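Here the structure is laid out as structure tokens; the discussion comes afterwards.
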Amino acid sequence: MRKVIMGNHALSYGAMLSRVQVIAAYPITPQTQVVELLSEMCADKVLDAQFIKVESEHSAMAACLGASLAGARTFTATSAQGLALMHELLHWASGGRLPVVLGNINRAMAPGWSIWSDQNDSLSQRDTGWVQFYCGSNQEVLDSVIQAFKVAEKLHIPAMIILDAFSLSHTYEVVEVPEQEKVDEYLPPFQPKFRLTPDDPHAFGGLTSPDHYLELRYKLQKDMEKAPALIEETGQEFQELFGRKLGLVDPYQCDDAEIILVTSGTAGYTACVAVDHFRQQGLKVGNLRIRTFRPFPFEIVRDILSQAKKVAVVDRNISYGHHGIFYQEIKSALYGHSPVPVFGYITGLGGRDITLDTFRQIIEETQKNDAPSERISWIGVKK
Amino acid sequence: MVEIRFHGRGGQGTVVASKILADAINKEGKYVQAYPEFGVERRGAPVYAFIRINESPIYDKSRIYTPDHVVVLDPTLLEAIDITKGLKKDGWIIINTDKKPEEMKLPTQFKVATINATQIAIKHQLGTLAAPIVNTGIVGAVVKVLRLASLESVVQAVKEDVPIKPEANAAAAQDAYELVIFNS
């Protein structure tokens, strides 16, 4: 059914259709409406789940871990400072091999206090062992929740669905809400490989000596390495059932492109409009939107970008003292494989709009220079 | 692509007006993107809502700076802010007022449509006499002037979106559709 829904509610519908059994969450702007609707769905018995009220995001994730360990399909959502407060327990989720799915609305970190979008909150959780999907439309948000449970439960690795504050969270878009029966066909009930039960008592997460810890981490990484193929496979299966593609990346007009933009989130959609605009003027530009950031899709990124003459990475984030975070990943993917010059741009922090003009400036600067400078190119900074 | 900016005051249901319009347009198979002002809203303060309408999916996720048309829910906003900011030449200004279009002192490069949505709201007992709810009525006027959707789609969208007095709200939209004053 075609409905007009906001990104926050796309997460709620995704969780509902995935038949989540436990939700534990604490409200924070701009995420609040995600759990508001889920709590209503639970109260109205539209969704047969336990909604656990907690006093903080740290407790929310703790409750999710307990529920997931008991074998329940578990969901939560948060933003920015809330995600930061969960940080310790994000490690517990991946280390405990618990396939929790979390919706994070990208919101800039305080101070200065902000409720607007950038990616530093979720990218600060880069090394916690979670799969990360960055979405560009409300449709993709809903669809990604369903796919994320399938991937997470197969690998026993948690997954994060990430969407821009306001540009998706509070923006209404036309979304095809899939039928429950078809979602059930795609996503069968969670069958945990192990669980906490009084019938077969075990302890989990106990003291791990140096004799064993390394092997646990080795296994986590080995399973993470299986994720790219699994994401492509489950994305293909999704397309067969629902007609919409869910891949590792979303390339647009890259085949013959001389300059390829690398983008993520809603900027990755606006970039396609910029590509059309430049192509009308005879300049061969393409756009590679990175949907899966962890695990990083090195192989496919390398294959696509190696064909270009120049690459321009657009980061709505920064690693202070280094550069944009996607920029580092792209350079790392190409290292030793391709001599294509990679230009890095930082823009849009704290919700500054990323417009067609932003991309015009980026493309013009990339065109003008033969090689990237050592220094960061900032777009839109008031001087 | 059509881009519209709504002006209202916090508490008037400006965002709901844009949502009803979005739902009506969706019913006709078109694509739509509607969003509130990105930020915090205060009751009584000027607020904004925006909507993009297209025949195919909408890829531009940046904000609207140069709308094709504007809709004004509260005539006192004309003295408070510049409602024509960025408005394209020949764009429509659809405004809730008891005046006729020719009585409005607005720049001549724009087209003006007027609708007494306040009176319609009072007639249908929407809100209170002091704070009538005009958002459902105004949508009826908007679709008539801009030919964005049928009255049937609007009536259906109002009934689905409005939690209280759905019939009275739908009747207000219908009245506004018939009573809006404009020269096409």
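Labels used: A, B, ... for chains in the order of the structure tokens, numbers from 1 for residues in each chain, and numbers from 1 for ligands as shown.
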
Spatial neighbours of Leu69 (chain A), max dist 12 Å, only C-alpha atoms, sep filter under 6 positions, as a PyMOL selection string:
chain A and resi 22+62-63+92-94+96-100+153+156+190-197+202-205

Could you name the residues that touch Gln174 (chain B) at 10 Å or less, counting only C-alpha atoms, but leaving out those on the same chain fewer than 3 positions away, as a list in words?
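Once the nearby chain positions are removed, what remains is Ile120, Thr136, Gly137, Ile138, Val139, Gly140, Ala141, Lys144, Leu151, Glu152, Val154, Val155, Ala168, Asn169, Ala170, Ala171, Tyr177, Glu178 and Leu179 of chain B.
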
When you get a sec, could you note down which chain A residues fall within 6 Å of chain B, using only C-alpha atoms, as a VMD selection string?
chain A and resid 166 171 to 173 269 to 270 355

Those of region 45-171 of chain B in DSSP strand (DSSP E), formatted as a list in words:
Pro46, Val47, Tyr48, Ala49, Phe50, Ile51, Arg52, Ile53, Asn54, His69, Val70, Val71, Val72, Trp92, Ile93, Ile94, Ile95, Asn96, Lys111, Val112, Ala113, Thr114 and Ile115 of chain B

Selected residues written out, C-alpha atoms, as a compact mmCIF listing (two decimals), in the first residue's frame:
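Here's the written file part_10.txt:
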# COMPACT_ATOMS: atom_id res chain seq x y z
CA PRO B 46 5.66 32.15 12.45
CA VAL B 47 6.12 28.56 11.18
CA TYR B 48 6.71 27.05 7.77
CA ALA B 49 5.90 23.85 5.93
CA PHE B 50 7.09 22.86 2.48
CA ILE B 51 5.92 20.48 -0.23
CA ARG B 52 7.38 19.19 -3.50
CA ILE B 53 5.16 17.49 -6.04
CA ASN B 54 6.36 15.53 -9.07
CA HIS B 69 3.63 29.23 -4.83
CA VAL B 70 2.99 30.22 -1.21
CA VAL B 71 0.01 29.58 1.06
CA VAL B 72 -0.67 31.85 4.03
CA TRP B 92 0.28 32.18 -6.60
CA ILE B 93 -0.17 33.63 -3.12
CA ILE B 94 -3.16 31.84 -1.61
CA ILE B 95 -4.14 33.59 1.56
CA ASN B 96 -6.72 33.23 4.33
CA LYS B 111 -1.08 36.19 -8.59
CA VAL B 112 -3.35 36.37 -5.57
CA ALA B 113 -6.20 34.10 -4.45
CA THR B 114 -8.17 34.76 -1.26
CA ILE B 115 -10.31 32.52 0.89

Skip Val20 (chain A) itself and residues of its chain fewer than 2 positions away, then list as a PDB file with N, CA and C atoms, in the first residue's frame all residues within 12 Å of it, counting only C-alpha atoms.
ATOM      1  N   LEU A  11      10.842   3.741  10.048  1.00  0.00           N
ATOM      2  CA  LEU A  11      11.517   2.810  10.970  1.00  0.00           C
ATOM      3  C   LEU A  11      10.486   2.018  11.765  1.00  0.00           C
ATOM      4  N   SER A  12       9.457   2.708  12.279  1.00  0.00           N
ATOM      5  CA  SER A  12       8.440   2.022  13.092  1.00  0.00           C
ATOM      6  C   SER A  12       7.724   0.947  12.269  1.00  0.00           C
ATOM      7  N   TYR A  13       7.339   1.293  11.042  1.00  0.00           N
ATOM      8  CA  TYR A  13       6.648   0.313  10.189  1.00  0.00           C
ATOM      9  C   TYR A  13       7.571  -0.864   9.840  1.00  0.00           C
ATOM     10  N   GLY A  14       8.849  -0.542   9.616  1.00  0.00           N
ATOM     11  CA  GLY A  14       9.812  -1.601   9.325  1.00  0.00           C
ATOM     12  C   GLY A  14       9.906  -2.583  10.485  1.00  0.00           C
ATOM     13  N   ALA A  15       9.943  -2.038  11.703  1.00  0.00           N
ATOM     14  CA  ALA A  15      10.017  -2.890  12.903  1.00  0.00           C
ATOM     15  C   ALA A  15       8.727  -3.692  13.066  1.00  0.00           C
ATOM     16  N   MET A  16       7.587  -3.049  12.824  1.00  0.00           N
ATOM     17  CA  MET A  16       6.298  -3.731  12.959  1.00  0.00           C
ATOM     18  C   MET A  16       6.194  -4.897  11.985  1.00  0.00           C
ATOM     19  N   LEU A  17       6.556  -4.622  10.713  1.00  0.00           N
ATOM     20  CA  LEU A  17       6.460  -5.674   9.693  1.00  0.00           C
ATOM     21  C   LEU A  17       7.468  -6.788   9.946  1.00  0.00           C
ATOM     22  N   SER A  18       8.575  -6.466  10.628  1.00  0.00           N
ATOM     23  CA  SER A  18       9.564  -7.497  10.982  1.00  0.00           C
ATOM     24  C   SER A  18       9.106  -8.304  12.196  1.00  0.00           C
ATOM     25  N   VAL A  22      10.527  -7.404  21.161  1.00  0.00           N
ATOM     26  CA  VAL A  22      10.853  -6.521  22.281  1.00  0.00           C
ATOM     27  C   VAL A  22      11.403  -5.203  21.731  1.00  0.00           C
ATOM     28  N   ILE A  23      10.895  -4.089  22.294  1.00  0.00           N
ATOM     29  CA  ILE A  23      11.417  -2.753  21.973  1.00  0.00           C
ATOM     30  C   ILE A  23      11.744  -2.098  23.310  1.00  0.00           C
ATOM     31  N   ALA A  24      12.971  -1.626  23.449  1.00  0.00           N
ATOM     32  CA  ALA A  24      13.310  -0.834  24.634  1.00  0.00           C
ATOM     33  C   ALA A  24      13.959   0.436  24.120  1.00  0.00           C
ATOM     34  N   LEU A  38       5.713   3.191  17.846  1.00  0.00           N
ATOM     35  CA  LEU A  38       5.846   1.782  18.245  1.00  0.00           C
ATOM     36  C   LEU A  38       5.110   1.516  19.562  1.00  0.00           C
ATOM     37  N   MET A  41       1.552   1.222  18.718  1.00  0.00           N
ATOM     38  CA  MET A  41       1.275  -0.063  18.052  1.00  0.00           C
ATOM     39  C   MET A  41       1.171  -1.186  19.090  1.00  0.00           C
ATOM     40  N   CYS A  42       2.045  -1.136  20.107  1.00  0.00           N
ATOM     41  CA  CYS A  42       2.011  -2.152  21.171  1.00  0.00           C
ATOM     42  C   CYS A  42       0.733  -2.014  21.983  1.00  0.00           C
ATOM     43  N   VAL A  46      -1.598  -3.876  17.668  1.00  0.00           N
ATOM     44  CA  VAL A  46      -1.293  -4.053  16.245  1.00  0.00           C
ATOM     45  C   VAL A  46       0.019  -4.820  16.141  1.00  0.00           C
ATOM     46  N   LEU A  47       0.845  -4.608  17.153  1.00  0.00           N
ATOM     47  CA  LEU A  47       2.155  -5.257  17.217  1.00  0.00           C
ATOM     48  C   LEU A  47       2.226  -6.019  18.533  1.00  0.00           C
ATOM     49  N   ASP A  48       2.510  -7.316  18.420  1.00  0.00           N
ATOM     50  CA  ASP A  48       2.562  -8.170  19.609  1.00  0.00           C
ATOM     51  C   ASP A  48       3.980  -8.151  20.163  1.00  0.00           C
ATOM     52  N   ALA A  49       4.320  -7.039  20.843  1.00  0.00           N
ATOM     53  CA  ALA A  49       5.681  -6.908  21.378  1.00  0.00           C
ATOM     54  C   ALA A  49       5.636  -6.313  22.775  1.00  0.00           C
ATOM     55  N   GLN A  50       6.706  -6.542  23.512  1.00  0.00           N
ATOM     56  CA  GLN A  50       6.877  -5.921  24.823  1.00  0.00           C
ATOM     57  C   GLN A  50       7.558  -4.579  24.613  1.00  0.00           C
ATOM     58  N   PHE A  51       6.949  -3.495  25.073  1.00  0.00           N
ATOM     59  CA  PHE A  51       7.599  -2.186  25.012  1.00  0.00           C
ATOM     60  C   PHE A  51       8.130  -1.883  26.400  1.00  0.00           C
ATOM     61  N   CYS A  64      17.689  -4.383  25.596  1.00  0.00           N
ATOM     62  CA  CYS A  64      17.706  -5.054  24.283  1.00  0.00           C
ATOM     63  C   CYS A  64      18.626  -6.279  24.319  1.00  0.00           C
ATOM     64  N   ALA A  67      16.929  -9.120  26.170  1.00  0.00           N
ATOM     65  CA  ALA A  67      15.832  -9.682  25.377  1.00  0.00           C
ATOM     66  C   ALA A  67      16.369 -10.510  24.217  1.00  0.00           C
ATOM     67  N   SER A  68      17.416  -9.976  23.557  1.00  0.00           N
ATOM     68  CA  SER A  68      17.981 -10.676  22.408  1.00  0.00           C
ATOM     69  C   SER A  68      18.626 -11.986  22.842  1.00  0.00           C
ATOM     70  N   GLY A  71      16.386 -14.712  23.135  1.00  0.00           N
ATOM     71  CA  GLY A  71      15.889 -15.250  21.866  1.00  0.00           C
ATOM     72  C   GLY A  71      14.825 -14.409  21.193  1.00  0.00           C
ATOM     73  N   ALA A  72      14.616 -13.171  21.673  1.00  0.00           N
ATOM     74  CA  ALA A  72      13.577 -12.316  21.075  1.00  0.00           C
ATOM     75  C   ALA A  72      14.163 -11.462  19.956  1.00  0.00           C
ATOM     76  N   ARG A  73      13.344 -11.188  18.944  1.00  0.00           N
ATOM     77  CA  ARG A  73      13.739 -10.220  17.912  1.00  0.00           C
ATOM     78  C   ARG A  73      13.573  -8.825  18.527  1.00  0.00           C
ATOM     79  N   THR A  74      14.659  -8.051  18.527  1.00  0.00           N
ATOM     80  CA  THR A  74      14.722  -6.857  19.371  1.00  0.00           C
ATOM     81  C   THR A  74      15.102  -5.608  18.578  1.00  0.00           C
ATOM     82  N   PHE A  75      14.427  -4.505  18.890  1.00  0.00           N
ATOM     83  CA  PHE A  75      14.633  -3.247  18.152  1.00  0.00           C
ATOM     84  C   PHE A  75      14.719  -2.062  19.114  1.00  0.00           C
ATOM     85  N   THR A  76      15.538  -1.079  18.748  1.00  0.00           N
ATOM     86  CA  THR A  76      15.551   0.191  19.461  1.00  0.00           C
ATOM     87  C   THR A  76      15.911   1.299  18.477  1.00  0.00           C
ATOM     88  N   PRO A  99      21.877 -10.136  17.576  1.00  0.00           N
ATOM     89  CA  PRO A  99      21.442  -9.435  16.355  1.00  0.00           C
ATOM     90  C   PRO A  99      20.364  -8.369  16.601  1.00  0.00           C
ATOM     91  N   VAL A 100      20.657  -7.441  17.474  1.00  0.00           N
ATOM     92  CA  VAL A 100      19.734  -6.321  17.725  1.00  0.00           C
ATOM     93  C   VAL A 100      19.763  -5.402  16.499  1.00  0.00           C
ATOM     94  N   VAL A 101      18.614  -4.820  16.134  1.00  0.00           N
ATOM     95  CA  VAL A 101      18.604  -3.806  15.076  1.00  0.00           C
ATOM     96  C   VAL A 101      18.245  -2.457  15.707  1.00  0.00           C
ATOM     97  N   LEU A 102      19.034  -1.451  15.353  1.00  0.00           N
ATOM     98  CA  LEU A 102      18.897  -0.115  15.939  1.00  0.00           C
ATOM     99  C   LEU A 102      18.708   0.910  14.827  1.00  0.00           C
ATOM    100  N   VAL A 145      15.214  -1.986   7.408  1.00  0.00           N
ATOM    101  CA  VAL A 145      14.969  -2.614   8.716  1.00  0.00           C
ATOM    102  C   VAL A 145      14.730  -4.118   8.514  1.00  0.00           C
ATOM    103  N   ILE A 146      13.911  -4.426   7.522  1.00  0.00           N
ATOM    104  CA  ILE A 146      13.544  -5.828   7.265  1.00  0.00           C
ATOM    105  C   ILE A 146      14.783  -6.622   6.823  1.00  0.00           C
ATOM    106  N   PHE A 149      17.359  -7.244   9.773  1.00  0.00           N
ATOM    107  CA  PHE A 149      17.091  -8.383  10.666  1.00  0.00           C
ATOM    108  C   PHE A 149      17.551  -9.692  10.020  1.00  0.00           C
ATOM    109  N   ASP A 184       6.700 -11.793   5.869  1.00  0.00           N
ATOM    110  CA  ASP A 184       6.861 -13.057   6.611  1.00  0.00           C
ATOM    111  C   ASP A 184       7.581 -14.105   5.761  1.00  0.00           C
ATOM    112  N   LEU A 187      11.250 -12.876   5.734  1.00  0.00           N
ATOM    113  CA  LEU A 187      11.922 -12.865   7.037  1.00  0.00           C
ATOM    114  C   LEU A 187      11.229 -13.837   8.000  1.00  0.00           C
ATOM    115  N   PRO A 188      11.732 -15.069   8.070  1.00  0.00           N
ATOM    116  CA  PRO A 188      11.110 -16.032   8.984  1.00  0.00           C
ATOM    117  C   PRO A 188      11.419 -15.667  10.450  1.00  0.00           C
ATOM    118  N   PRO A 189      10.722 -16.286  11.428  1.00  0.00           N
ATOM    119  CA  PRO A 189      11.000 -15.959  12.833  1.00  0.00           C
ATOM    120  C   PRO A 189      12.470 -16.198  13.199  1.00  0.00           C
ATOM    121  N   PHE A 190      12.951 -15.441  14.169  1.00  0.00           N
ATOM    122  CA  PHE A 190      14.337 -15.524  14.643  1.00  0.00           C
ATOM    123  C   PHE A 190      14.583 -16.890  15.285  1.00  0.00           C
TER     124      PHE A 190
END

Tell me, as a PyMOL selection string, which residues lie within 6 Å of region 103-111 of chain A, counting only C-alpha atoms; anything in the same chain fewer than 2 positions away does not count.
chain A and resi 31+77-80+113-119+160-165+350

Find the residues around His337 (chain A) up to 12 Å (only C-alpha atoms counted), leave out those fewer than 6 positions away in its own chain, and share them as an NGL selection string.
:A and (298-299 or 301-307 or 330-331)

Give the alpha helix (DSSP H) residues of region 22-168 of chain B, as assigned by DSSP on the backbone, as a PyMOL selection string.
chain B and resi 22-27+77-80+117-123+135-146+151-161+166-168

Requested write-out: N, CA and C atoms of the selected residues, as a compact mmCIF listing (two decimals), in the first residue's frame:
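The resulting file, again_24.txt, is reproduced below:
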# COMPACT_ATOMS: atom_id res chain seq x y z
N ALA B 22 -0.34 16.41 0.83
CA ALA B 22 0.53 15.32 0.37
C ALA B 22 -0.27 14.03 0.20
N ASP B 23 -1.14 13.73 1.16
CA ASP B 23 -1.95 12.51 1.08
C ASP B 23 -2.90 12.56 -0.11
N ALA B 24 -3.49 13.73 -0.35
CA ALA B 24 -4.42 13.88 -1.47
C ALA B 24 -3.68 13.64 -2.79
N ILE B 25 -2.48 14.17 -2.89
CA ILE B 25 -1.69 14.03 -4.12
C ILE B 25 -1.24 12.59 -4.32
N ASN B 26 -0.85 11.94 -3.22
CA ASN B 26 -0.46 10.53 -3.29
C ASN B 26 -1.60 9.66 -3.82
N LYS B 27 -2.83 10.02 -3.44
CA LYS B 27 -3.99 9.23 -3.89
C LYS B 27 -4.14 9.27 -5.41
N LEU B 77 0.49 37.55 9.30
CA LEU B 77 1.89 37.25 8.96
C LEU B 77 2.45 38.23 7.93
N LEU B 78 1.54 38.83 7.12
CA LEU B 78 2.00 39.77 6.09
C LEU B 78 2.76 40.94 6.71
N GLU B 79 2.39 41.32 7.93
CA GLU B 79 3.08 42.43 8.59
C GLU B 79 4.32 41.95 9.35
N ALA B 80 4.40 40.64 9.61
CA ALA B 80 5.48 40.12 10.45
C ALA B 80 6.70 39.65 9.65
N ALA B 117 -11.05 31.42 5.15
CA ALA B 117 -11.02 30.12 5.81
C ALA B 117 -11.41 30.24 7.28
N THR B 118 -11.18 31.41 7.86
CA THR B 118 -11.54 31.63 9.27
C THR B 118 -13.06 31.54 9.43
N GLN B 119 -13.78 32.24 8.53
CA GLN B 119 -15.24 32.20 8.60
C GLN B 119 -15.77 30.77 8.37
N ILE B 120 -15.15 30.06 7.44
CA ILE B 120 -15.57 28.68 7.16
C ILE B 120 -15.35 27.81 8.40
N ALA B 121 -14.19 28.00 9.06
CA ALA B 121 -13.88 27.21 10.26
C ALA B 121 -14.90 27.48 11.37
N ILE B 122 -15.26 28.76 11.53
CA ILE B 122 -16.23 29.12 12.58
C ILE B 122 -17.60 28.51 12.26
N LYS B 123 -17.98 28.58 10.98
CA LYS B 123 -19.27 28.00 10.55
C LYS B 123 -19.34 26.49 10.90
N ASN B 135 -6.74 24.96 8.88
CA ASN B 135 -5.82 24.22 8.01
C ASN B 135 -6.53 23.30 7.02
N THR B 136 -7.66 22.71 7.42
CA THR B 136 -8.33 21.79 6.49
C THR B 136 -8.99 22.58 5.35
N GLY B 137 -9.60 23.71 5.72
CA GLY B 137 -10.24 24.53 4.70
C GLY B 137 -9.26 24.99 3.63
N ILE B 138 -8.12 25.47 4.09
CA ILE B 138 -7.17 26.07 3.15
C ILE B 138 -6.72 25.06 2.07
N VAL B 139 -6.65 23.79 2.44
CA VAL B 139 -6.21 22.78 1.46
C VAL B 139 -7.21 22.69 0.30
N GLY B 140 -8.49 22.83 0.62
CA GLY B 140 -9.52 22.83 -0.44
C GLY B 140 -9.27 23.95 -1.43
N ALA B 141 -8.92 25.14 -0.91
CA ALA B 141 -8.65 26.30 -1.78
C ALA B 141 -7.39 26.06 -2.61
N VAL B 142 -6.38 25.48 -2.00
CA VAL B 142 -5.10 25.26 -2.69
C VAL B 142 -5.29 24.33 -3.90
N VAL B 143 -5.98 23.22 -3.71
CA VAL B 143 -6.11 22.28 -4.83
C VAL B 143 -6.99 22.86 -5.95
N LYS B 144 -7.94 23.73 -5.57
CA LYS B 144 -8.78 24.36 -6.59
C LYS B 144 -7.93 25.30 -7.46
N VAL B 145 -7.16 26.18 -6.81
CA VAL B 145 -6.40 27.18 -7.55
C VAL B 145 -5.27 26.54 -8.36
N LEU B 146 -4.55 25.61 -7.73
CA LEU B 146 -3.36 25.04 -8.37
C LEU B 146 -3.66 23.76 -9.14
N LEU B 151 -11.16 17.30 -5.63
CA LEU B 151 -11.80 17.56 -4.34
C LEU B 151 -12.05 16.23 -3.60
N GLU B 152 -12.39 15.18 -4.35
CA GLU B 152 -12.65 13.88 -3.72
C GLU B 152 -11.40 13.38 -2.97
N SER B 153 -10.22 13.53 -3.60
CA SER B 153 -8.99 13.07 -2.94
C SER B 153 -8.73 13.87 -1.66
N VAL B 154 -9.02 15.18 -1.71
CA VAL B 154 -8.80 16.02 -0.53
C VAL B 154 -9.76 15.62 0.60
N VAL B 155 -11.02 15.45 0.25
CA VAL B 155 -12.03 15.08 1.26
C VAL B 155 -11.63 13.76 1.93
N GLN B 156 -11.19 12.82 1.11
CA GLN B 156 -10.78 11.50 1.64
C GLN B 156 -9.55 11.67 2.55
N ALA B 157 -8.58 12.49 2.10
CA ALA B 157 -7.36 12.69 2.89
C ALA B 157 -7.67 13.37 4.22
N VAL B 158 -8.57 14.35 4.18
CA VAL B 158 -8.95 15.05 5.42
C VAL B 158 -9.55 14.04 6.40
N LYS B 159 -10.47 13.22 5.90
CA LYS B 159 -11.14 12.26 6.79
C LYS B 159 -10.16 11.28 7.41
N GLU B 160 -9.12 10.94 6.67
CA GLU B 160 -8.12 9.99 7.19
C GLU B 160 -7.15 10.66 8.18
N ASP B 161 -6.84 11.92 7.93
CA ASP B 161 -5.77 12.58 8.70
C ASP B 161 -6.25 13.31 9.94
N PRO B 166 -14.02 14.68 11.65
CA PRO B 166 -13.59 14.49 10.25
C PRO B 166 -14.61 15.00 9.24
N GLU B 167 -15.91 14.82 9.53
CA GLU B 167 -16.94 15.25 8.56
C GLU B 167 -16.95 16.78 8.44
N ALA B 168 -16.89 17.48 9.59
CA ALA B 168 -16.92 18.94 9.59
C ALA B 168 -15.68 19.50 8.88

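The residue that comes closest to His124 (chain B), out of B:Ile4, B:Ala172, B:Ala17, B:Leu73 and on the basis of only C-alpha atoms, is B:Ala172.
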
Close residues, Trp378 (chain A) itself excluded, 8 Å, only C-alpha atoms, min 3 positions apart in chain, as a JSON list (two decimals) with C-alpha atoms, in the first residue's frame:
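Final output, out-v5.json:
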[["chain", "number", "residue", "atom", "x", "y", "z"],
["A", 345, "TYR", "CA", 35.28, 17.63, 0.70],
["A", 346, "ILE", "CA", 33.67, 18.37, 4.03],
["A", 347, "THR", "CA", 30.27, 20.03, 4.11],
["A", 381, "VAL", "CA", 32.18, 27.72, 5.42]]
